[in-house]
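What's in work.pdb: PDB, C-alpha atoms
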```pdb
ATOM      1  CA  MET A   1       3.061 -21.940  11.192
ATOM      2  CA  LYS A   2       4.307 -19.821  14.087
ATOM      3  CA  PHE A   3       2.593 -18.550  17.185
ATOM      4  CA  PHE A   4       3.627 -15.364  18.964
ATOM      5  CA  GLU A   5       5.986 -17.109  21.389
ATOM      6  CA  ASP A   6       7.842 -18.829  18.532
ATOM      7  CA  ILE A   7       8.927 -15.539  16.937
ATOM      8  CA  ARG A   8      12.281 -13.963  17.855
ATOM      9  CA  VAL A   9      13.697 -10.491  17.225
ATOM     10  CA  GLY A  10      16.307 -10.642  14.472
ATOM     11  CA  GLU A  11      14.689 -13.614  12.764
ATOM     12  CA  THR A  12      14.868 -13.242   8.991
ATOM     13  CA  ALA A  13      13.306 -15.022   6.029
ATOM     14  CA  GLU A  14      14.115 -14.809   2.341
ATOM     15  CA  ILE A  15      10.903 -14.992   0.401
ATOM     16  CA  GLY A  16       9.707 -15.730  -3.100
ATOM     17  CA  ARG A  17      10.598 -14.496  -6.538
ATOM     18  CA  HIS A  18       8.391 -12.904  -9.155
ATOM     19  CA  THR A  19       9.251 -11.394 -12.527
ATOM     20  CA  PHE A  20       7.174  -8.391 -13.601
ATOM     21  CA  THR A  21       6.127  -8.269 -17.253
ATOM     22  CA  ALA A  22       5.139  -5.130 -19.171
ATOM     23  CA  GLU A  23       1.707  -6.726 -19.695
ATOM     24  CA  GLU A  24       0.977  -7.182 -15.997
ATOM     25  CA  ILE A  25       2.341  -3.710 -15.140
ATOM     26  CA  LYS A  26      -0.122  -2.216 -17.641
ATOM     27  CA  ALA A  27      -3.027  -4.464 -16.584
ATOM     28  CA  PHE A  28      -2.686  -3.534 -12.908
ATOM     29  CA  ALA A  29      -2.343   0.152 -13.814
ATOM     30  CA  ALA A  30      -5.407   0.065 -16.076
ATOM     31  CA  ARG A  31      -7.479  -1.156 -13.125
ATOM     32  CA  PHE A  32      -5.962   0.739 -10.190
ATOM     33  CA  ASP A  33      -3.469   3.429 -11.226
ATOM     34  CA  PRO A  34      -4.171   4.581 -14.805
ATOM     35  CA  GLN A  35      -1.370   7.129 -15.189
ATOM     36  CA  PRO A  36       0.655   7.384 -18.413
ATOM     37  CA  TYR A  37       4.001   6.253 -16.946
ATOM     38  CA  HIS A  38       2.399   2.966 -15.796
ATOM     39  CA  LEU A  39       0.441   2.373 -19.011
ATOM     40  CA  ASP A  40       2.444   3.331 -22.056
ATOM     41  CA  GLU A  41       6.162   3.009 -22.907
ATOM     42  CA  GLU A  42       6.287   6.129 -25.085
ATOM     43  CA  ALA A  43       4.505   8.401 -22.588
ATOM     44  CA  ALA A  44       6.654   6.955 -19.796
ATOM     45  CA  LYS A  45       9.884   8.009 -21.547
ATOM     46  CA  LYS A  46       8.900  11.657 -21.122
ATOM     47  CA  SER A  47       7.898  11.240 -17.446
ATOM     48  CA  PRO A  48      10.035  11.445 -14.272
ATOM     49  CA  PHE A  49      10.354   7.635 -14.514
ATOM     50  CA  ALA A  50      12.049   7.870 -17.948
ATOM     51  CA  GLY A  51      10.455   4.554 -18.954
ATOM     52  CA  LEU A  52       7.591   2.217 -18.087
ATOM     53  CA  ALA A  53       7.397   1.599 -14.325
ATOM     54  CA  ALA A  54       5.065  -0.469 -12.155
ATOM     55  CA  SER A  55       2.626   1.325  -9.859
ATOM     56  CA  GLY A  56       3.977   1.334  -6.309
ATOM     57  CA  TRP A  57       0.690  -0.282  -5.268
ATOM     58  CA  HIS A  58       1.394  -3.113  -7.692
ATOM     59  CA  THR A  59       4.800  -3.653  -6.069
ATOM     60  CA  ALA A  60       3.136  -3.523  -2.649
ATOM     61  CA  ALA A  61       0.421  -6.025  -3.638
ATOM     62  CA  MET A  62       2.944  -8.434  -5.225
ATOM     63  CA  THR A  63       5.178  -8.161  -2.150
ATOM     64  CA  MET A  64       2.158  -9.213  -0.099
ATOM     65  CA  ARG A  65       1.657 -12.213  -2.389
ATOM     66  CA  LEU A  66       5.283 -13.257  -1.966
ATOM     67  CA  LEU A  67       4.912 -12.931   1.818
ATOM     68  CA  VAL A  68       1.731 -15.008   1.899
ATOM     69  CA  ASP A  69       3.363 -17.722  -0.221
ATOM     70  CA  GLY A  70       6.613 -17.588   1.751
ATOM     71  CA  GLU A  71       8.024 -19.379   4.743
ATOM     72  CA  PHE A  72       7.196 -16.622   7.236
ATOM     73  CA  ARG A  73       3.830 -17.875   8.420
ATOM     74  CA  PRO A  74       2.412 -16.435  11.601
ATOM     75  CA  ALA A  75      -0.569 -18.406  12.930
ATOM     76  CA  GLY A  76      -3.777 -16.661  11.907
ATOM     77  CA  GLY A  77      -2.215 -15.182   8.765
ATOM     78  CA  ILE A  78      -0.351 -11.987   7.984
ATOM     79  CA  LEU A  79      -2.654  -9.498   9.631
ATOM     80  CA  GLY A  80      -1.329  -5.963   9.344
ATOM     81  CA  VAL A  81      -2.738  -3.307  11.631
ATOM     82  CA  GLY A  82      -0.571  -0.384  10.623
ATOM     83  CA  PHE A  83       2.676   0.731   9.108
ATOM     84  CA  ASP A  84       5.681   2.636  10.245
ATOM     85  CA  GLU A  85       7.154   3.007   6.784
ATOM     86  CA  LEU A  86       6.298   2.415   3.141
ATOM     87  CA  SER A  87       8.644   3.744   0.507
ATOM     88  CA  TRP A  88       9.604   3.016  -3.091
ATOM     89  CA  PRO A  89      13.213   4.131  -3.515
ATOM     90  CA  ARG A  90      13.566   2.764  -7.058
ATOM     91  CA  ALA A  91      11.170   2.025  -9.934
ATOM     92  CA  VAL A  92      10.187  -1.547 -10.865
ATOM     93  CA  ARG A  93      10.689  -2.127 -14.611
ATOM     94  CA  PRO A  94       9.425  -4.812 -17.008
ATOM     95  CA  GLY A  95      11.683  -7.864 -16.631
ATOM     96  CA  ASP A  96      12.662  -7.071 -13.031
ATOM     97  CA  GLU A  97      12.682 -10.147 -10.807
ATOM     98  CA  LEU A  98      11.749  -9.252  -7.240
ATOM     99  CA  HIS A  99      12.320 -11.049  -3.969
ATOM    100  CA  VAL A 100      11.621 -10.085  -0.370
ATOM    101  CA  THR A 101      13.606 -10.284   2.839
ATOM    102  CA  SER A 102      11.612 -10.144   6.035
ATOM    103  CA  GLU A 103      13.157  -9.303   9.418
ATOM    104  CA  VAL A 104      11.481  -9.262  12.834
ATOM    105  CA  LEU A 105      12.398  -5.966  14.545
ATOM    106  CA  ASP A 106      10.298  -6.134  17.674
ATOM    107  CA  VAL A 107       8.061  -8.526  19.616
ATOM    108  CA  ARG A 108       5.569  -7.245  22.201
ATOM    109  CA  PRO A 109       2.958  -9.209  24.161
ATOM    110  CA  SER A 110      -0.415  -7.458  24.291
ATOM    111  CA  LYS A 111      -1.106  -5.819  27.652
ATOM    112  CA  SER A 112      -4.870  -6.019  27.350
ATOM    113  CA  ARG A 113      -5.313  -9.299  25.437
ATOM    114  CA  PRO A 114      -3.463 -12.346  26.778
ATOM    115  CA  ASP A 115      -4.249 -14.370  23.626
ATOM    116  CA  ARG A 116      -2.110 -12.295  21.262
ATOM    117  CA  GLY A 117       0.954 -10.169  20.686
ATOM    118  CA  MET A 118       2.263  -7.632  18.187
ATOM    119  CA  ILE A 119       5.364  -8.005  16.080
ATOM    120  CA  ARG A 120       7.072  -5.363  13.985
ATOM    121  CA  VAL A 121       8.494  -6.682  10.715
ATOM    122  CA  ARG A 122      10.551  -4.923   8.053
ATOM    123  CA  ASN A 123       9.932  -6.340   4.578
ATOM    124  CA  THR A 124      12.463  -5.200   2.002
ATOM    125  CA  THR A 125      11.784  -5.923  -1.667
ATOM    126  CA  PHE A 126      14.848  -6.198  -3.921
ATOM    127  CA  ASN A 127      15.288  -6.457  -7.681
ATOM    128  CA  GLN A 128      17.629  -8.911  -9.409
ATOM    129  CA  ASN A 129      20.557  -6.491  -8.962
ATOM    130  CA  GLY A 130      20.095  -6.395  -5.201
ATOM    131  CA  GLU A 131      18.703  -2.853  -5.353
ATOM    132  CA  THR A 132      15.898  -1.975  -2.939
ATOM    133  CA  VAL A 133      12.595  -1.210  -4.703
ATOM    134  CA  GLN A 134      10.327  -1.134  -1.650
ATOM    135  CA  VAL A 135      10.609  -0.998   2.122
ATOM    136  CA  PHE A 136       7.632  -1.547   4.312
ATOM    137  CA  THR A 137       7.726  -1.901   8.036
ATOM    138  CA  GLY A 138       4.468  -3.177   9.406
ATOM    139  CA  ASN A 139       2.930  -4.116  12.709
ATOM    140  CA  LEU A 140       1.289  -7.539  12.705
ATOM    141  CA  LEU A 141      -1.117  -9.125  15.128
ATOM    142  CA  VAL A 142      -0.078 -12.693  16.028
ATOM    143  CA  PRO A 143      -2.051 -15.079  18.261
ATOM    144  CA  ARG A 144      -0.392 -16.872  21.162
ATOM    145  CA  ARG A 145      -0.432 -20.646  21.255
ATOM    146  CA  PRO A 146      -3.994 -21.494  22.393
ATOM    147  CA  SER A 147      -2.985 -23.912  25.173
ATOM    148  CA  GLU A 148      -1.048 -21.181  26.964
ATOM    149  CA  ALA A 149      -3.637 -18.478  26.453
ATOM    150  CA  GLN A 150      -6.326 -20.700  27.940
ATOM    151  CA  LEU A 151      -4.418 -21.601  31.139
TER
ATOM    152  CA  MET B   1      -4.470  20.224 -13.696
ATOM    153  CA  LYS B   2      -2.521  21.991 -10.961
ATOM    154  CA  PHE B   3       1.087  23.028 -10.702
ATOM    155  CA  PHE B   4       2.928  23.343  -7.397
ATOM    156  CA  GLU B   5       2.190  27.050  -6.993
ATOM    157  CA  ASP B   6      -1.562  26.486  -7.455
ATOM    158  CA  ILE B   7      -1.837  24.182  -4.418
ATOM    159  CA  ARG B   8      -2.756  25.598  -0.995
ATOM    160  CA  VAL B   9      -2.528  24.125   2.505
ATOM    161  CA  GLY B  10      -6.003  23.193   3.707
ATOM    162  CA  GLU B  11      -7.329  22.585   0.220
ATOM    163  CA  THR B  12      -9.656  19.585   0.187
ATOM    164  CA  ALA B  13     -11.295  17.478  -2.481
ATOM    165  CA  GLU B  14     -14.049  14.892  -2.228
ATOM    166  CA  ILE B  15     -13.297  12.080  -4.604
ATOM    167  CA  GLY B  16     -15.081   9.222  -6.325
ATOM    168  CA  ARG B  17     -17.258   6.384  -5.198
ATOM    169  CA  HIS B  18     -16.779   2.674  -5.649
ATOM    170  CA  THR B  19     -18.813  -0.246  -4.321
ATOM    171  CA  PHE B  20     -16.842  -3.389  -3.453
ATOM    172  CA  THR B  21     -18.429  -6.702  -4.423
ATOM    173  CA  ALA B  22     -17.634 -10.092  -2.867
ATOM    174  CA  GLU B  23     -16.444 -11.228  -6.307
ATOM    175  CA  GLU B  24     -13.837  -8.499  -6.709
ATOM    176  CA  ILE B  25     -12.673  -8.868  -3.085
ATOM    177  CA  LYS B  26     -12.015 -12.560  -3.772
ATOM    178  CA  ALA B  27     -10.461 -11.971  -7.207
ATOM    179  CA  PHE B  28      -7.958  -9.425  -5.864
ATOM    180  CA  ALA B  29      -7.139 -11.699  -2.925
ATOM    181  CA  ALA B  30      -6.636 -14.731  -5.179
ATOM    182  CA  ARG B  31      -3.983 -12.797  -7.078
ATOM    183  CA  PHE B  32      -2.276 -10.762  -4.344
ATOM    184  CA  ASP B  33      -3.360 -11.744  -0.832
ATOM    185  CA  PRO B  34      -4.666 -15.331  -0.790
ATOM    186  CA  GLN B  35      -5.592 -15.614   2.884
ATOM    187  CA  PRO B  36      -8.831 -17.326   4.001
ATOM    188  CA  TYR B  37     -10.549 -14.200   5.404
ATOM    189  CA  HIS B  38     -10.216 -12.482   1.999
ATOM    190  CA  LEU B  39     -11.248 -15.530  -0.062
ATOM    191  CA  ASP B  40     -14.031 -17.442   1.610
ATOM    192  CA  GLU B  41     -17.096 -16.347   3.604
ATOM    193  CA  GLU B  42     -17.185 -19.422   5.839
ATOM    194  CA  ALA B  43     -13.486 -19.354   6.740
ATOM    195  CA  ALA B  44     -13.732 -15.592   7.302
ATOM    196  CA  LYS B  45     -16.460 -16.045   9.939
ATOM    197  CA  LYS B  46     -13.959 -17.850  12.191
ATOM    198  CA  SER B  47     -11.187 -15.251  11.625
ATOM    199  CA  PRO B  48     -10.478 -11.984  13.504
ATOM    200  CA  PHE B  49     -12.499 -10.240  10.754
ATOM    201  CA  ALA B  50     -15.648 -12.245  11.614
ATOM    202  CA  GLY B  51     -16.697 -12.166   7.954
ATOM    203  CA  LEU B  52     -15.326 -11.645   4.449
ATOM    204  CA  ALA B  53     -13.097  -8.542   4.269
ATOM    205  CA  ALA B  54     -11.126  -6.923   1.463
ATOM    206  CA  SER B  55      -7.336  -7.054   1.560
ATOM    207  CA  GLY B  56      -5.954  -3.750   2.822
ATOM    208  CA  TRP B  57      -3.884  -3.618  -0.373
ATOM    209  CA  HIS B  58      -7.112  -3.828  -2.382
ATOM    210  CA  THR B  59      -8.505  -0.853  -0.468
ATOM    211  CA  ALA B  60      -5.219   0.994  -1.038
ATOM    212  CA  ALA B  61      -5.187   0.223  -4.767
ATOM    213  CA  MET B  62      -8.850   1.228  -5.218
ATOM    214  CA  THR B  63      -8.243   4.440  -3.253
ATOM    215  CA  MET B  64      -5.460   5.200  -5.734
ATOM    216  CA  ARG B  65      -7.888   4.634  -8.608
ATOM    217  CA  LEU B  66     -10.416   7.029  -7.076
ATOM    218  CA  LEU B  67      -7.646   9.624  -6.629
ATOM    219  CA  VAL B  68      -6.445   9.279 -10.230
ATOM    220  CA  ASP B  69     -10.021   9.625 -11.519
ATOM    221  CA  GLY B  70     -10.798  12.486  -9.144
ATOM    222  CA  GLU B  71     -10.625  16.239  -9.294
ATOM    223  CA  PHE B  72      -7.307  16.505  -7.422
ATOM    224  CA  ARG B  73      -4.941  16.536 -10.385
ATOM    225  CA  PRO B  74      -1.390  17.693  -9.796
ATOM    226  CA  ALA B  75       0.515  18.311 -13.044
ATOM    227  CA  GLY B  76       2.695  15.319 -13.827
ATOM    228  CA  GLY B  77       0.362  12.877 -12.064
ATOM    229  CA  ILE B  78       0.050  11.595  -8.525
ATOM    230  CA  LEU B  79       3.663  10.691  -7.885
ATOM    231  CA  GLY B  80       4.150   9.393  -4.358
ATOM    232  CA  VAL B  81       7.653   9.296  -2.964
ATOM    233  CA  GLY B  82       6.912   8.098   0.540
ATOM    234  CA  PHE B  83       4.350   7.810   3.271
ATOM    235  CA  ASP B  84       3.958   9.088   6.762
ATOM    236  CA  GLU B  85       0.986   6.898   7.559
ATOM    237  CA  LEU B  86      -1.011   4.020   6.164
ATOM    238  CA  SER B  87      -3.610   2.383   8.358
ATOM    239  CA  TRP B  88      -6.794   0.385   7.995
ATOM    240  CA  PRO B  89      -8.903   1.104  11.097
ATOM    241  CA  ARG B  90     -11.968  -0.822   9.861
ATOM    242  CA  ALA B  91     -12.560  -3.728   7.470
ATOM    243  CA  VAL B  92     -14.083  -3.196   4.008
ATOM    244  CA  ARG B  93     -17.021  -5.579   3.464
ATOM    245  CA  PRO B  94     -18.892  -6.711   0.339
ATOM    246  CA  GLY B  95     -21.416  -4.009  -0.549
ATOM    247  CA  ASP B  96     -19.438  -1.202   1.089
ATOM    248  CA  GLU B  97     -19.380   1.974  -1.014
ATOM    249  CA  LEU B  98     -16.146   3.881  -0.515
ATOM    250  CA  HIS B  99     -15.238   7.487  -1.166
ATOM    251  CA  VAL B 100     -12.106   9.496  -0.463
ATOM    252  CA  THR B 101     -11.431  12.918   0.995
ATOM    253  CA  SER B 102      -8.074  14.441   0.206
ATOM    254  CA  GLU B 103      -6.567  17.313   2.208
ATOM    255  CA  VAL B 104      -3.329  19.202   1.554
ATOM    256  CA  LEU B 105      -1.412  19.358   4.861
ATOM    257  CA  ASP B 106       1.838  20.935   3.772
ATOM    258  CA  VAL B 107       3.450  22.591   0.743
ATOM    259  CA  ARG B 108       7.249  22.906   0.450
ATOM    260  CA  PRO B 109       9.309  24.182  -2.490
ATOM    261  CA  SER B 110      12.304  21.982  -3.246
ATOM    262  CA  LYS B 111      15.585  23.510  -2.048
ATOM    263  CA  SER B 112      17.731  21.729  -4.600
ATOM    264  CA  ARG B 113      15.393  21.590  -7.618
ATOM    265  CA  PRO B 114      13.725  24.865  -8.670
ATOM    266  CA  ASP B 115      11.368  23.017 -11.054
ATOM    267  CA  ARG B 116       9.402  21.171  -8.372
ATOM    268  CA  GLY B 117       7.988  21.074  -4.888
ATOM    269  CA  MET B 118       6.691  18.527  -2.390
ATOM    270  CA  ILE B 119       3.186  18.439  -0.963
ATOM    271  CA  ARG B 120       1.923  16.331   1.907
ATOM    272  CA  VAL B 121      -1.628  15.054   1.422
ATOM    273  CA  ARG B 122      -3.858  13.087   3.778
ATOM    274  CA  ASN B 123      -6.272  10.812   1.900
ATOM    275  CA  THR B 124      -9.015   9.403   4.080
ATOM    276  CA  THR B 125     -11.204   6.619   2.688
ATOM    277  CA  PHE B 126     -14.714   6.348   4.161
ATOM    278  CA  ASN B 127     -17.469   3.767   3.821
ATOM    279  CA  GLN B 128     -21.138   4.608   3.202
ATOM    280  CA  ASN B 129     -21.695   5.095   6.954
ATOM    281  CA  GLY B 130     -18.985   7.746   7.171
ATOM    282  CA  GLU B 131     -16.640   5.352   8.996
ATOM    283  CA  THR B 132     -12.931   5.578   8.168
ATOM    284  CA  VAL B 133     -11.594   2.430   6.489
ATOM    285  CA  GLN B 134      -8.179   3.747   5.452
ATOM    286  CA  VAL B 135      -5.916   6.705   6.157
ATOM    287  CA  PHE B 136      -2.874   7.334   4.095
ATOM    288  CA  THR B 137      -0.724  10.402   4.293
ATOM    289  CA  GLY B 138       1.686  10.644   1.428
ATOM    290  CA  ASN B 139       4.350  12.966   0.112
ATOM    291  CA  LEU B 140       3.906  13.851  -3.549
ATOM    292  CA  LEU B 141       6.293  15.405  -6.014
ATOM    293  CA  VAL B 142       4.629  18.234  -8.002
ATOM    294  CA  PRO B 143       6.257  20.207 -10.838
ATOM    295  CA  ARG B 144       6.230  23.987 -10.851
ATOM    296  CA  ARG B 145       4.683  25.805 -13.766
ATOM    297  CA  PRO B 146       7.324  25.539 -16.522
ATOM    298  CA  SER B 147       7.371  29.237 -17.446
ATOM    299  CA  GLU B 148       8.458  30.199 -13.925
ATOM    300  CA  ALA B 149      10.998  27.416 -13.512
ATOM    301  CA  GLN B 150      12.647  28.407 -16.779
ATOM    302  CA  LEU B 151      13.058  32.118 -15.938
TER
END
```

Is it possible to express this structure as structure tokens?
Amino acid sequence: MKFFEDIRVGETAEIGRHTFTAEEIKAFAARFDPQPYHLDEEAAKKSPFAGLAASGWHTAAMTMRLLVDGEFRPAGGILGVGFDELSWPRAVRPGDELHVTSEVLDVRPSKSRPDRGMIRVRNTTFNQNGETVQVFTGNLLVPRRPSEAQL
Amino acid sequence: MKFFEDIRVGETAEIGRHTFTAEEIKAFAARFDPQPYHLDEEAAKKSPFAGLAASGWHTAAMTMRLLVDGEFRPAGGILGVGFDELSWPRAVRPGDELHVTSEVLDVRPSKSRPDRGMIRVRNTTFNQNGETVQVFTGNLLVPRRPSEAQL
């Protein structure tokens, strides 16, 4: 568990692995993104995806799960307050095994609140071939170590 | 169902309603974002949220569902290729009823592909008090009407 002052620019973490199945791709889509190319192999063949593909929101949610389970653990949790970038350069297919690399790009103490700081982190999600399937760069709120904040 | 040439800058649509329950907030979090402030009322009281709050990814996924079910229907589906903005200015609480307003900000024919265009759409998710809980501005790929593209 890391407080703000423990986190350094350039720090990286390799996080988690998860294999997407056709069943979970369809189950997520049925609930949150019921479009033919996320629900049905035959319909997906005729779509721009040319085959069944996970909803980008499914990839985003599973990336979050890998981050929460991973070794990058800011004190107070992974508390996103905004994004600089979210993109899905390649489709996630049934059988794809994803993992995430997290890199700290920037570390800024809060000017108004001495008990916290902001860090900017780029989380890149790769498939088993090392191809990028998602990039999201987020700004996270991280508390400072309480003893210092209370001085 | 709308093709690229049917879509106008400034066009808006009011979309869907969905009420979040504590049970679904916790169920989504257990699968995708298992952090105490999304899982447990008591732990959430001591967190920066000061009470149980939905994962931002849950809000994003449910916003997508409202969009897919809604009246804004580009031909070929809602196919996001990137985002300019995604932010969660206010927490979503159990009992909150969300709806979405969608506004077309920009319409650009593709230079390289005569069969499609790109539109930029700002989707704002509000709670029942008219407070903004999510803003996402996305770039969508929309096909042109086939008869024109094939001329």

A:Asp40: which residues within 12 Å, counting all atoms listed in the file, same-chain residues fewer than 4 positions away excluded, as JSON, numbers by chain?
{"A": [22, 23, 25, 26, 27, 29, 30, 34, 35, 36, 44, 45, 46, 47, 49, 50, 51, 52, 53, 54, 94]}

For atom CA of B:Leu79 and atom CA of B:Gln134, determine how far apart the two atoms are, in Å to one decimal place.
19.1 Å

Choose the residue, out of A:Phe136, A:Phe32, A:Tyr37, A:Phe72, that has the smallest atom-to-atom separation from chain B; count all atoms listed in the file.
A:Phe32

Distance filter 7 Å, only C-alpha atoms, chain A against chain B, as a list in words
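Every residue meeting the condition is included here: Phe32, Asp33, Pro34, Gln35, Trp57, Ala61, Met62, Met64, Arg65, Val68, Gly77, Val81, Gly82, Phe83, Asp84, Glu85, Leu86, Ser87 and Trp88 of chain A.
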
Selection from above, C-alpha atoms, as a PDB file, keeping the file's coordinate frame, can you write it?
```
ATOM      1  CA  PHE A  32      -5.962   0.739 -10.190  1.00  0.00           C
ATOM      2  CA  ASP A  33      -3.469   3.429 -11.226  1.00  0.00           C
ATOM      3  CA  PRO A  34      -4.171   4.581 -14.805  1.00  0.00           C
ATOM      4  CA  GLN A  35      -1.370   7.129 -15.189  1.00  0.00           C
ATOM      5  CA  TRP A  57       0.690  -0.282  -5.268  1.00  0.00           C
ATOM      6  CA  ALA A  61       0.421  -6.025  -3.638  1.00  0.00           C
ATOM      7  CA  MET A  62       2.944  -8.434  -5.225  1.00  0.00           C
ATOM      8  CA  MET A  64       2.158  -9.213  -0.099  1.00  0.00           C
ATOM      9  CA  ARG A  65       1.657 -12.213  -2.389  1.00  0.00           C
ATOM     10  CA  VAL A  68       1.731 -15.008   1.899  1.00  0.00           C
ATOM     11  CA  GLY A  77      -2.215 -15.182   8.765  1.00  0.00           C
ATOM     12  CA  VAL A  81      -2.738  -3.307  11.631  1.00  0.00           C
ATOM     13  CA  GLY A  82      -0.571  -0.384  10.623  1.00  0.00           C
ATOM     14  CA  PHE A  83       2.676   0.731   9.108  1.00  0.00           C
ATOM     15  CA  ASP A  84       5.681   2.636  10.245  1.00  0.00           C
ATOM     16  CA  GLU A  85       7.154   3.007   6.784  1.00  0.00           C
ATOM     17  CA  LEU A  86       6.298   2.415   3.141  1.00  0.00           C
ATOM     18  CA  SER A  87       8.644   3.744   0.507  1.00  0.00           C
ATOM     19  CA  TRP A  88       9.604   3.016  -3.091  1.00  0.00           C
TER      20      TRP A  88
END
```

Apply the PyMOL selection byres ((chain B and resi 4-10) around 8) to the displayed file and report the matching residues as JSON, numbers by chain.
{"B": [2, 3, 11, 12, 74, 75, 103, 104, 105, 106, 107, 116, 117, 118, 142, 143, 144, 145]}

Write out as a PyMOL selection string each polymer residue whose atoms come within 10 Å of A:His99, counting all atoms listed in the file; drop sequence neighbours fewer than 6 positions from it.
chain A and resi 14-19+62-63+66-67+124-128+130+132-133

Would you compute the distance between atom CA of A:Thr101 and atom CA of B:Leu39? Give it in Å to one decimal.
25.6 Å

Atom-to-atom span, atom CA of A:Asp115 and atom CA of B:Glu41, Å:
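About the pair atom CA of A:Asp115 and atom CA of B:Glu41: they are 23.9 Å apart.
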